[in-house]
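A.B. asks: The following file, protein24.csv, comprises CSV, C-alpha atoms:
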```csv
chain,number,residue,atom,x,y,z
A,146,MET,CA,-17.7,2.6,37.9
A,147,LYS,CA,-16.2,1.7,41.3
A,148,ILE,CA,-17.7,-0.6,43.9
A,149,LEU,CA,-16.7,-2.6,47.0
A,150,CYS,CA,-18.5,-5.8,47.7
A,151,GLN,CA,-18.4,-9.0,49.8
A,152,THR,CA,-16.7,-11.7,47.8
A,153,ASN,CA,-19.0,-14.5,48.9
A,154,LEU,CA,-22.1,-12.4,48.1
A,155,ILE,CA,-21.1,-11.7,44.5
A,156,ASN,CA,-19.8,-15.2,44.0
A,157,LYS,CA,-23.2,-16.6,45.1
A,158,ALA,CA,-25.0,-14.2,42.8
A,159,LEU,CA,-22.8,-15.1,39.8
A,160,GLN,CA,-23.6,-18.8,40.3
A,161,SER,CA,-27.3,-17.9,40.3
A,162,ILE,CA,-27.2,-16.4,36.9
A,163,LYS,CA,-24.5,-18.3,35.1
A,164,LYS,CA,-26.9,-20.8,33.5
A,165,ALA,CA,-28.3,-17.9,31.4
A,166,LEU,CA,-25.0,-17.2,29.7
A,167,ASN,CA,-24.3,-18.3,26.1
A,168,VAL,CA,-20.8,-19.7,26.6
A,169,LYS,CA,-20.7,-21.4,23.3
A,170,VAL,CA,-19.3,-18.3,21.6
A,171,GLN,CA,-16.8,-16.6,23.9
A,172,ASN,CA,-16.7,-13.3,21.9
A,173,SER,CA,-20.5,-13.0,21.7
A,174,LEU,CA,-22.2,-10.2,23.7
A,175,LEU,CA,-24.4,-12.9,25.1
A,176,SER,CA,-21.4,-14.5,26.8
A,177,GLY,CA,-21.1,-11.4,28.9
A,178,ILE,CA,-22.5,-10.3,32.2
A,179,TYR,CA,-24.0,-6.8,32.3
A,180,ILE,CA,-23.4,-4.9,35.6
A,181,LYS,CA,-25.0,-1.7,36.5
A,182,THR,CA,-24.8,0.3,39.7
A,183,LEU,CA,-27.9,1.4,41.6
A,184,ASP,CA,-28.2,3.5,44.8
A,185,ASP,CA,-26.6,1.0,47.2
A,186,SER,CA,-26.5,-2.1,45.0
A,187,ILE,CA,-25.6,-3.5,41.7
A,188,GLU,CA,-27.8,-5.3,39.1
A,189,MET,CA,-26.3,-8.1,37.1
A,190,LYS,CA,-27.9,-9.6,34.0
A,191,ALA,CA,-27.2,-12.6,31.9
A,192,SER,CA,-29.1,-13.9,28.9
A,193,ASP,CA,-28.9,-16.2,25.9
A,194,MET,CA,-32.2,-14.5,24.6
A,195,GLU,CA,-34.2,-17.6,25.5
A,196,PHE,CA,-33.4,-17.7,29.2
A,197,SER,CA,-32.6,-14.5,31.1
A,198,ALA,CA,-31.5,-14.0,34.7
A,199,ILE,CA,-31.3,-10.8,36.7
A,200,ILE,CA,-30.0,-10.5,40.3
A,201,LYS,CA,-29.5,-7.6,42.7
A,202,ILE,CA,-27.0,-7.6,45.6
A,203,PRO,CA,-26.0,-4.8,48.1
A,204,VAL,CA,-22.6,-3.2,47.5
A,205,ARG,CA,-20.8,0.0,48.4
A,206,VAL,CA,-21.1,2.2,45.4
A,207,ILE,CA,-18.2,4.7,45.1
A,208,GLU,CA,-18.7,5.7,41.4
A,209,HIS,CA,-21.7,4.9,39.3
A,210,GLY,CA,-21.5,3.2,36.0
A,211,GLU,CA,-22.2,0.1,33.8
A,212,ILE,CA,-20.1,-2.5,32.1
A,213,LEU,CA,-20.3,-5.7,30.1
A,214,VAL,CA,-17.6,-8.3,30.8
A,215,SER,CA,-17.0,-11.9,29.9
A,216,GLY,CA,-19.2,-13.9,32.3
A,217,ASP,CA,-16.9,-16.9,32.2
A,218,PHE,CA,-13.7,-15.1,33.1
A,219,PHE,CA,-15.3,-12.7,35.5
A,220,THR,CA,-16.9,-15.6,37.4
A,221,ASN,CA,-13.6,-17.6,37.5
A,222,VAL,CA,-11.5,-14.7,38.7
A,223,LEU,CA,-13.9,-14.0,41.6
A,224,LYS,CA,-14.3,-17.7,42.4
A,225,GLY,CA,-10.5,-17.8,43.1
A,226,THR,CA,-10.4,-14.6,45.2
A,227,ARG,CA,-9.3,-15.4,48.8
A,228,SER,CA,-10.1,-12.0,50.3
A,229,GLU,CA,-13.5,-11.3,52.0
A,230,GLU,CA,-13.9,-8.1,50.1
A,231,VAL,CA,-13.2,-7.2,46.5
A,232,GLU,CA,-12.9,-3.8,44.7
A,233,ILE,CA,-14.2,-3.7,41.2
A,234,TYR,CA,-13.7,-0.6,39.0
A,235,THR,CA,-13.1,0.9,35.6
A,236,LYS,CA,-10.9,3.8,34.3
A,237,ASP,CA,-11.7,6.4,31.7
A,238,THR,CA,-8.4,5.8,30.0
A,239,ASP,CA,-9.0,2.2,28.9
A,240,ARG,CA,-11.6,-0.6,28.2
A,241,LEU,CA,-10.6,-2.7,31.2
A,242,LEU,CA,-12.4,-3.9,34.3
A,243,TYR,CA,-10.1,-4.1,37.3
A,244,ILE,CA,-10.7,-6.6,40.1
A,245,GLU,CA,-8.5,-6.0,43.2
A,246,SER,CA,-8.3,-7.6,46.7
A,247,ASN,CA,-5.7,-7.9,49.4
A,248,ALA,CA,-4.1,-10.8,47.6
A,249,SER,CA,-4.6,-10.3,43.9
A,250,GLU,CA,-5.2,-7.9,41.0
A,251,TYR,CA,-6.8,-8.7,37.6
A,252,SER,CA,-7.9,-6.7,34.6
A,253,LEU,CA,-10.4,-8.0,32.1
A,254,LEU,CA,-11.2,-6.6,28.7
A,255,THR,CA,-14.8,-5.3,28.6
A,256,MET,CA,-17.3,-5.4,25.7
A,257,PRO,CA,-19.4,-2.5,24.2
A,258,VAL,CA,-22.2,-2.1,26.8
A,259,ASN,CA,-24.4,-0.1,24.5
A,260,GLU,CA,-24.7,-3.1,22.2
A,261,TYR,CA,-26.0,-5.5,24.9
A,262,PRO,CA,-29.6,-6.5,24.1
A,263,ASN,CA,-32.3,-5.0,26.3
A,264,ILE,CA,-33.8,-7.6,28.7
A,265,GLU,CA,-37.4,-6.5,29.3
A,266,LYS,CA,-38.9,-7.9,32.5
A,267,ILE,CA,-42.6,-8.7,32.6
A,268,GLN,CA,-44.2,-5.5,33.8
A,269,LYS,CA,-47.2,-6.6,35.9
A,270,ASP,CA,-48.2,-5.4,39.3
A,271,GLN,CA,-49.6,-8.7,40.5
A,272,PRO,CA,-48.2,-12.2,39.9
A,273,ALA,CA,-50.3,-14.8,38.1
A,274,LEU,CA,-49.5,-17.3,40.9
A,275,VAL,CA,-47.7,-17.3,44.3
A,276,LEU,CA,-46.4,-20.5,45.8
A,277,LYS,CA,-44.2,-21.5,48.7
A,278,GLY,CA,-40.8,-22.6,47.5
A,279,ASN,CA,-41.1,-26.1,48.9
A,280,ILE,CA,-44.4,-26.6,47.0
A,281,LEU,CA,-43.0,-25.5,43.7
A,282,LYS,CA,-39.9,-27.6,44.2
A,283,ASP,CA,-41.9,-30.7,44.9
A,284,LEU,CA,-44.1,-30.1,41.8
A,285,ILE,CA,-41.0,-29.8,39.6
A,286,SER,CA,-39.1,-32.7,41.2
A,287,LYS,CA,-42.0,-35.2,40.8
A,288,THR,CA,-42.5,-34.4,37.1
A,289,ALA,CA,-39.3,-33.0,35.4
A,290,PHE,CA,-37.6,-36.4,35.2
A,291,ALA,CA,-40.4,-37.8,33.0
A,292,CYS,CA,-39.7,-35.2,30.2
A,293,ALA,CA,-38.1,-36.3,26.9
A,294,LYS,CA,-34.4,-35.9,26.7
A,295,ASP,CA,-34.1,-35.4,22.9
A,296,ASN,CA,-35.2,-32.6,20.7
A,297,SER,CA,-37.4,-34.6,18.3
A,298,LYS,CA,-40.6,-33.5,20.1
A,299,PRO,CA,-40.1,-30.1,21.8
A,300,ILE,CA,-43.4,-30.2,23.6
A,301,PHE,CA,-42.3,-33.3,25.5
A,302,ARG,CA,-39.3,-31.3,26.7
A,303,CYS,CA,-41.7,-29.1,28.6
A,304,ILE,CA,-43.7,-29.4,31.8
A,305,TYR,CA,-47.4,-28.6,31.3
A,306,LEU,CA,-48.7,-26.3,34.0
A,307,ASN,CA,-52.5,-26.3,34.2
A,308,ILE,CA,-54.7,-24.5,36.7
A,309,LYS,CA,-58.4,-25.2,36.6
A,310,ASP,CA,-61.0,-24.8,39.4
A,311,SER,CA,-58.2,-23.9,41.9
A,312,VAL,CA,-56.4,-27.2,41.2
A,313,LEU,CA,-52.8,-26.9,39.9
A,314,ASN,CA,-51.6,-29.8,37.7
A,315,CYS,CA,-48.0,-30.3,36.7
A,316,VAL,CA,-47.6,-32.9,34.0
A,317,ALA,CA,-44.6,-34.3,32.1
A,318,THR,CA,-44.3,-37.1,29.5
A,319,ASP,CA,-41.9,-38.5,27.0
A,320,SER,CA,-44.7,-40.5,25.4
A,321,HIS,CA,-43.6,-43.7,27.2
A,322,ARG,CA,-44.5,-42.5,30.7
A,323,LEU,CA,-46.3,-39.7,32.3
A,324,ALA,CA,-46.0,-38.0,35.7
A,325,ILE,CA,-48.7,-35.8,37.1
A,326,LYS,CA,-48.6,-34.0,40.4
A,327,LYS,CA,-51.7,-32.1,41.7
A,328,TYR,CA,-51.8,-29.3,44.3
A,329,ASN,CA,-55.0,-27.7,45.7
A,330,LEU,CA,-54.6,-24.0,45.8
A,331,SER,CA,-56.0,-22.1,48.8
A,332,GLU,CA,-57.3,-19.3,46.7
A,333,SER,CA,-59.3,-19.1,43.5
A,334,ILE,CA,-57.3,-17.8,40.6
A,335,GLN,CA,-57.6,-17.5,36.8
A,336,ASP,CA,-57.2,-20.7,34.8
A,337,ILE,CA,-53.8,-21.1,33.3
A,338,ASN,CA,-52.4,-23.4,30.6
A,339,LEU,CA,-48.6,-23.1,30.0
A,340,LEU,CA,-45.9,-25.2,28.4
A,341,ILE,CA,-42.7,-24.4,30.3
A,342,PRO,CA,-39.3,-25.6,29.2
A,343,ASN,CA,-38.1,-28.4,31.5
A,344,GLU,CA,-34.5,-27.1,31.8
A,345,PHE,CA,-35.8,-23.7,33.0
A,346,LEU,CA,-37.9,-25.2,35.8
A,347,ILE,CA,-35.0,-27.4,36.9
A,348,GLU,CA,-32.8,-24.3,37.2
A,349,VAL,CA,-35.6,-22.6,39.1
A,350,ALA,CA,-35.8,-25.5,41.5
A,351,ASN,CA,-32.1,-25.2,42.3
A,352,HIS,CA,-32.8,-21.8,43.8
A,353,LEU,CA,-36.0,-22.4,45.7
A,354,ASP,CA,-36.1,-21.8,49.4
A,355,ASP,CA,-38.6,-23.9,51.5
A,356,GLU,CA,-40.2,-20.9,53.3
A,357,ASN,CA,-40.1,-17.9,51.0
A,358,ASP,CA,-42.8,-17.1,48.5
A,359,VAL,CA,-42.1,-17.6,44.8
A,360,GLU,CA,-43.9,-15.2,42.4
A,361,LEU,CA,-44.8,-16.4,38.9
A,362,TYR,CA,-45.5,-13.8,36.2
A,363,VAL,CA,-46.9,-14.5,32.7
A,364,SER,CA,-47.2,-12.1,29.8
A,365,SER,CA,-46.8,-12.1,26.0
A,366,GLY,CA,-45.4,-15.5,25.6
A,367,LYS,CA,-43.0,-15.2,28.6
A,368,ILE,CA,-43.0,-16.7,32.1
A,369,ALA,CA,-40.9,-15.3,34.9
A,370,VAL,CA,-40.2,-16.2,38.5
A,371,GLN,CA,-39.1,-13.9,41.3
A,372,ILE,CA,-37.2,-15.7,44.1
A,373,ASN,CA,-36.0,-13.2,46.7
A,374,ASN,CA,-33.5,-11.0,44.8
A,375,LEU,CA,-33.3,-13.3,41.8
A,376,TYR,CA,-35.5,-12.9,38.6
A,377,MET,CA,-35.5,-15.6,35.9
A,378,GLN,CA,-37.4,-15.4,32.7
A,379,THR,CA,-37.9,-17.6,29.6
A,380,SER,CA,-40.2,-18.1,26.6
A,381,ILE,CA,-43.3,-20.2,26.9
A,382,MET,CA,-43.4,-23.1,24.3
A,383,GLU,CA,-46.1,-22.8,21.7
A,384,GLY,CA,-48.2,-25.8,21.0
A,385,VAL,CA,-50.9,-28.1,22.4
A,386,PHE,CA,-50.1,-30.6,25.1
A,387,PRO,CA,-51.7,-34.0,24.6
A,388,ASP,CA,-54.9,-34.7,26.4
A,389,TYR,CA,-53.2,-36.9,29.1
A,390,ASN,CA,-56.5,-37.7,30.8
A,391,LYS,CA,-57.4,-40.0,27.8
A,392,ILE,CA,-54.5,-42.3,28.6
A,393,ILE,CA,-55.0,-42.6,32.3
A,394,PRO,CA,-57.2,-45.7,33.0
A,395,THR,CA,-60.1,-45.1,35.3
A,396,GLU,CA,-60.1,-48.7,36.6
A,397,PHE,CA,-57.6,-51.5,37.2
A,398,ASN,CA,-57.9,-55.2,37.7
A,399,ILE,CA,-54.8,-55.7,39.7
A,400,LYS,CA,-53.4,-53.8,42.7
A,401,VAL,CA,-49.9,-54.7,43.9
A,402,SER,CA,-48.5,-53.2,47.1
A,403,PHE,CA,-44.8,-53.4,48.0
A,404,ASN,CA,-42.0,-51.8,50.0
A,405,ILE,CA,-40.4,-49.0,48.0
A,406,ASN,CA,-36.8,-49.5,49.3
A,407,GLU,CA,-36.9,-53.2,48.7
A,408,MET,CA,-38.2,-52.7,45.2
A,409,ILE,CA,-35.6,-50.1,44.3
A,410,ALA,CA,-32.8,-52.4,45.5
A,411,ALA,CA,-34.2,-55.4,43.7
A,412,VAL,CA,-34.7,-53.6,40.4
A,413,GLU,CA,-31.3,-51.9,40.5
A,414,ASN,CA,-29.5,-55.2,41.2
A,415,ALA,CA,-31.3,-57.2,38.6
A,416,SER,CA,-31.1,-54.6,35.9
A,417,LYS,CA,-27.3,-54.7,35.9
A,418,PHE,CA,-27.7,-57.9,33.9
A,419,ALA,CA,-30.2,-56.5,31.5
A,420,LYS,CA,-29.3,-55.3,28.0
A,421,ASP,CA,-28.6,-51.6,28.3
A,422,LYS,CA,-29.6,-52.0,31.9
A,423,LYS,CA,-33.2,-51.5,30.8
A,424,TYR,CA,-35.6,-54.4,30.5
A,425,ILE,CA,-36.7,-56.4,33.5
A,426,ASN,CA,-39.3,-59.2,33.4
A,427,CYS,CA,-41.6,-59.3,36.4
A,428,GLN,CA,-43.6,-62.3,37.6
A,429,ILE,CA,-46.2,-61.1,40.1
A,430,ASN,CA,-47.9,-63.7,42.3
A,431,LYS,CA,-50.1,-63.3,45.3
A,432,ASP,CA,-47.4,-62.5,47.8
A,433,GLU,CA,-44.2,-62.5,45.7
A,434,PHE,CA,-42.8,-59.9,43.2
A,435,ILE,CA,-40.1,-61.8,41.2
A,436,ILE,CA,-37.8,-59.8,39.0
A,437,MET,CA,-35.8,-61.8,36.4
A,438,VAL,CA,-33.3,-61.0,33.7
A,439,ASN,CA,-31.8,-63.5,31.3
A,440,ASN,CA,-28.8,-62.1,29.3
A,441,PRO,CA,-27.0,-64.6,27.1
A,442,ASP,CA,-23.9,-62.6,27.2
A,443,LEU,CA,-23.8,-62.2,31.0
A,444,GLY,CA,-26.0,-64.7,32.7
A,445,LYS,CA,-29.2,-64.6,34.8
A,446,ALA,CA,-30.4,-62.5,37.6
A,447,LYS,CA,-33.3,-63.1,40.0
A,448,GLU,CA,-34.6,-60.9,42.8
A,449,VAL,CA,-37.6,-61.7,45.0
A,450,ILE,CA,-39.5,-59.3,47.3
A,451,GLY,CA,-42.7,-59.7,49.2
A,452,CYS,CA,-45.9,-58.0,47.9
A,453,ASN,CA,-49.6,-58.0,48.4
A,454,ASN,CA,-51.4,-58.8,45.1
A,455,SER,CA,-55.2,-58.3,45.2
A,456,GLY,CA,-55.7,-59.5,41.6
A,457,MET,CA,-54.5,-62.3,39.4
A,458,ASP,CA,-51.0,-63.5,38.7
A,459,ILE,CA,-49.3,-61.7,35.8
A,460,ASN,CA,-46.0,-61.5,33.8
A,461,ILE,CA,-45.1,-58.0,32.7
A,462,THR,CA,-41.9,-56.3,31.4
A,463,PHE,CA,-40.8,-52.8,32.4
A,464,ASN,CA,-38.0,-50.4,31.7
A,465,ALA,CA,-36.1,-50.6,35.0
A,466,GLU,CA,-35.1,-46.9,34.9
A,467,TYR,CA,-38.7,-45.8,34.5
A,468,ILE,CA,-39.6,-47.7,37.7
A,469,VAL,CA,-36.6,-46.7,39.9
A,470,GLN,CA,-36.8,-43.0,39.0
A,471,VAL,CA,-40.4,-42.6,40.2
A,472,LEU,CA,-40.0,-44.7,43.3
A,473,LYS,CA,-37.1,-42.4,44.4
A,474,LYS,CA,-39.5,-39.5,44.3
A,475,ILE,CA,-42.1,-41.1,46.6
A,476,GLU,CA,-41.6,-40.3,50.3
A,477,SER,CA,-43.8,-43.0,51.8
A,478,GLU,CA,-42.7,-46.5,52.8
A,479,LYS,CA,-45.0,-48.3,50.4
A,480,ALA,CA,-46.3,-47.8,46.9
A,481,ASN,CA,-49.0,-49.4,44.8
A,482,LEU,CA,-48.8,-50.7,41.3
A,483,PHE,CA,-52.0,-50.8,39.3
A,484,ILE,CA,-52.2,-53.1,36.3
A,485,ASN,CA,-54.9,-54.2,33.7
A,486,SER,CA,-52.8,-56.3,31.4
A,487,SER,CA,-49.2,-57.0,30.4
A,488,THR,CA,-49.5,-54.5,27.5
A,489,ALA,CA,-51.8,-51.7,28.9
A,490,PRO,CA,-50.6,-48.6,30.7
A,491,CYS,CA,-50.0,-49.1,34.4
A,492,SER,CA,-50.1,-46.7,37.3
A,493,ILE,CA,-47.8,-46.2,40.3
A,494,LYS,CA,-49.0,-44.2,43.2
A,495,GLN,CA,-47.8,-43.4,46.7
A,496,ASP,CA,-49.7,-45.4,49.3
A,497,LYS,CA,-52.8,-43.4,50.5
A,498,ASP,CA,-52.0,-40.4,48.3
A,499,ASP,CA,-53.8,-39.7,45.0
A,500,SER,CA,-52.1,-36.4,44.4
A,501,TYR,CA,-49.3,-38.0,42.5
A,502,ASN,CA,-49.8,-40.4,39.7
A,503,TYR,CA,-47.3,-42.0,37.4
A,504,ILE,CA,-48.4,-43.8,34.3
A,505,VAL,CA,-45.9,-46.1,32.6
A,506,SER,CA,-46.3,-48.4,29.5
A,507,PRO,CA,-45.0,-51.9,29.8
A,508,MET,CA,-42.2,-52.9,27.4
A,509,ARG,CA,-43.2,-55.1,24.4
A,510,VAL,CA,-40.1,-57.3,24.1
A,511,ASN,CA,-39.3,-61.0,23.9
A,512,ASN,CA,-38.6,-62.0,27.5
```
Output the file's structure in the form of structure tokens.
C.D. replies:
Amino acid sequence: MKILCQTNLINKALQSIKKALNVKVQNSLLSGIYIKTLDDSIEMKASDMEFSAIIKIPVRVIEHGEILVSGDFFTNVLKGTRSEEVEIYTKDTDRLLYIESNASEYSLLTMPVNEYPNIEKIQKDQPALVLKGNILKDLISKTAFACAKDNSKPIFRCIYLNIKDSVLNCVATDSHRLAIKKYNLSESIQDINLLIPNEFLIEVANHLDDENDVELYVSSGKIAVQINNLYMQTSIMEGVFPDYNKIIPTEFNIKVSFNINEMIAAVENASKFAKDKKYINCQINKDEFIIMVNNPDLGKAKEVIGCNNSGMDINITFNAEYIVQVLKKIESEKANLFINSSTAPCSIKQDKDDSYNYIVSPMRVNN
């Protein structure tokens, strides 16, 4: 194999697929990047057998071939290359991959290419769903943060993607809070119910372009996305997502409107005094939202912002992180907090927008 390629192009491609490498075991075949020449391009693959990524980039092909090389070392060598163009080639006399430019020369030991596992792409002529990059990015951004961080309940480490009656719902929960973002599709498509690993969708979001279409393919327990020249694929989680509609109250007794930036600043400041920076006690009056923390080891904190409370006065305790995280996802100036009691699930919504709903349970602690 012998190719000439633009350094910035191959570096960008390697960054796009490196998350799929299994770097925990350096001598494993799954720590390698598979490279194969095509007519006027190369195809590079990386996989840990759960998450696979394939990318094509244009190069000048001088001699055809295929190789398997350590993804970590190959990426680091090219990242440090100062020349605009790099030559990559092999010889019949050894098992090395040579990387040369005007300023440097490296050789890396290759691995047996015939032992690399076959990564079978989903073979379907039509995608199950096509979305603009900015739409999918927004759906992921507004839900992914609410997924569980531990492995005790794998289903809660997934985003539930549901399509019914041309309405797409993305839902995530860690059992203490739930985020749901809806999007009305312009075309009628087949109903879909998928549990997609959160880490996969976060990686997908990192590569989304606002204007270009993103194609989603589903088949035999796999989901894949095609973003320009990048293909990413993972396994769909098996299981049943909880019926989240049962925990969303249909009516609320209290509606509190407030300025988002003021609330974020107040919660972040007061929570510095809270144990583990978590619990904040909120006293909500007709026109004041008072946030208080009493920590015997540090002292007291009190923040007051204006609000518009259309219901009764109430005392309620929240996890500060759960409040700040969702408010930073809302683009409007104001948000609404809906409450029934100090112990029942509450709802936070963007002002004048019902497409995004965040359900959070108050904390049951001694204030």
A.B. asks: List the spatial neighbours of region 470-484 of chain A as number ranges by chain - criterion: any atom at most 7 Å away, only C-alpha atoms, same-chain residues fewer than 3 positions off excluded.
C.D. replies: A: 287, 397-405, 466-467, 491-496
A.B. asks: Using all atoms listed in the file, determine which residues lie at most 6 Å from region 377-389 of chain A, disregarding the query and same-chain residues fewer than 3 positions distant; provide the list as a PyMOL selection string.
C.D. replies: chain A and resi 195-198+340-341+366-370+392
A.B. asks: Rank A:Ser246, A:Thr226, A:Asn343, A:Asn414 by their smallest atom-to-atom distance to Cys292 (chain A), using all atoms listed in the file, and report the top residue only.
C.D. replies: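 For Cys292 (chain A), the nearest of the given residues is A:Asn343.
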A.B. asks: Could you work out how far CA of His352 (chain A) lies from CA of Ile178 (chain A), giving the answer in Å with one decimal?
C.D. replies: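 Distance between the two atoms: 19.3 Å.
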A.B. asks: If I take CA of Asn374 (chain A) and CA of Ser333 (chain A), how far is one from the other in Å, to one decimal?
C.D. replies: 27.1 Å
A.B. asks: Find the residues near Met146 (chain A): any atom within 7 Å, counting only C-alpha atoms, skip ones fewer than 4 places away on the same chain, and give them as a list in words.
C.D. replies: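 What passes the distance filter is Glu208, His209, Gly210, Glu211, Tyr234 and Thr235 of chain A.
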A.B. asks: Go ahead and save the residues from that selection, with C-alpha atoms, as a compact mmCIF listing (two decimals), keeping the file's coordinate frame.
C.D. replies:
```txt
# COMPACT_ATOMS: atom_id res chain seq x y z
CA GLU A 208 -18.70 5.70 41.40
CA HIS A 209 -21.70 4.90 39.30
CA GLY A 210 -21.50 3.20 36.00
CA GLU A 211 -22.20 0.10 33.80
CA TYR A 234 -13.70 -0.60 39.00
CA THR A 235 -13.10 0.90 35.60
```
A.B. asks: A:Ala291, A:Ile200, A:Ile435, A:Lys147: which is nearest Asp237 (chain A), counting all atoms listed in the file?
C.D. replies: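 Looking at the shortest contact to Asp237 (chain A), the residue is A:Lys147.
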A.B. asks: One decimal, Å: what's the distance from CA of Asn221 (chain A) over to CA of Gln160 (chain A), could you say?
C.D. replies: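 These two atoms are separated by 10.5 Å.
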A.B. asks: Using only C-alpha atoms, can you tell me which of A:Pro394, A:Gln428, A:Asn460, A:Gly278 comes closest to Asn357 (chain A)?
C.D. replies: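 So, comparing all the options, the nearest one is A:Gly278.
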A.B. asks: Using all atoms listed in the file, find the one residue out of A:Leu274, A:Ile308, A:Ile212, A:Leu154 that sits nearest to Lys224 (chain A).
C.D. replies: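 Ranking A:Leu274, A:Ile308, A:Ile212, A:Leu154 by distance to Lys224 (chain A), first place goes to A:Leu154.
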A.B. asks: Between A:Ala289, A:Val258, A:Val469, A:Ala446, single out the one closest to Asn406 (chain A), counting all atoms listed in the file.
C.D. replies: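 Closest to Asn406 (chain A) of all the choices is A:Val469.
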A.B. asks: Would you kindly return, as a PyMOL selection string, each protein, DNA or RNA residue with an atom no farther than 7 Å from any atom of Pro203 (chain A), considering all atoms listed in the file and excluding same-chain residues fewer than 5 positions away?
C.D. replies: chain A and resi 185-187
A.B. asks: Please, can region 476-481 of chain A be completed to all heavy atoms and returned as an mmCIF file, in the frame of the given file?
C.D. replies:
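So result09.cif came out as:
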```
data_model
loop_
_atom_site.group_PDB
_atom_site.id
_atom_site.type_symbol
_atom_site.label_atom_id
_atom_site.label_comp_id
_atom_site.auth_asym_id
_atom_site.auth_seq_id
_atom_site.Cartn_x
_atom_site.Cartn_y
_atom_site.Cartn_z
ATOM 1 N N GLU A 476 -42.163 -40.368 48.963
ATOM 2 C CA GLU A 476 -41.600 -40.300 50.300
ATOM 3 C C GLU A 476 -42.145 -41.349 51.271
ATOM 4 O O GLU A 476 -41.567 -41.576 52.319
ATOM 5 C CB GLU A 476 -42.018 -38.899 50.936
ATOM 6 C CG GLU A 476 -41.320 -37.709 50.296
ATOM 7 C CD GLU A 476 -42.119 -37.089 49.174
ATOM 8 O OE1 GLU A 476 -43.239 -37.573 48.930
ATOM 9 O OE2 GLU A 476 -41.620 -36.139 48.548
ATOM 10 N N SER A 477 -43.217 -42.031 50.910
ATOM 11 C CA SER A 477 -43.800 -43.000 51.800
ATOM 12 C C SER A 477 -43.011 -44.328 51.804
ATOM 13 O O SER A 477 -42.140 -44.554 50.958
ATOM 14 C CB SER A 477 -45.259 -43.278 51.472
ATOM 15 O OG SER A 477 -45.349 -43.909 50.208
ATOM 16 N N GLU A 478 -43.353 -45.234 52.735
ATOM 17 C CA GLU A 478 -42.700 -46.500 52.800
ATOM 18 C C GLU A 478 -43.167 -47.491 51.746
ATOM 19 O O GLU A 478 -42.404 -48.304 51.235
ATOM 20 C CB GLU A 478 -42.931 -47.139 54.201
ATOM 21 C CG GLU A 478 -42.256 -48.485 54.426
ATOM 22 C CD GLU A 478 -42.546 -49.055 55.806
ATOM 23 O OE1 GLU A 478 -43.097 -48.313 56.656
ATOM 24 O OE2 GLU A 478 -42.241 -50.242 56.035
ATOM 25 N N LYS A 479 -44.450 -47.373 51.396
ATOM 26 C CA LYS A 479 -45.000 -48.300 50.400
ATOM 27 C C LYS A 479 -45.579 -47.563 49.208
ATOM 28 O O LYS A 479 -45.913 -46.378 49.271
ATOM 29 C CB LYS A 479 -46.175 -49.091 51.087
ATOM 30 C CG LYS A 479 -45.707 -50.063 52.163
ATOM 31 C CD LYS A 479 -46.881 -50.880 52.692
ATOM 32 C CE LYS A 479 -46.414 -51.896 53.731
ATOM 33 N NZ LYS A 479 -47.534 -52.718 54.249
ATOM 34 N N ALA A 480 -45.661 -48.311 48.108
ATOM 35 C CA ALA A 480 -46.300 -47.800 46.900
ATOM 36 C C ALA A 480 -47.200 -48.868 46.320
ATOM 37 O O ALA A 480 -47.108 -50.050 46.687
ATOM 38 C CB ALA A 480 -45.210 -47.429 45.852
ATOM 39 N N ASN A 481 -48.087 -48.447 45.430
ATOM 40 C CA ASN A 481 -49.000 -49.400 44.800
ATOM 41 C C ASN A 481 -48.869 -49.330 43.294
ATOM 42 O O ASN A 481 -48.764 -48.255 42.686
ATOM 43 C CB ASN A 481 -50.483 -48.965 45.159
ATOM 44 C CG ASN A 481 -50.749 -49.019 46.650
ATOM 45 O OD1 ASN A 481 -50.373 -49.975 47.318
ATOM 46 N ND2 ASN A 481 -51.405 -47.986 47.182
#
```
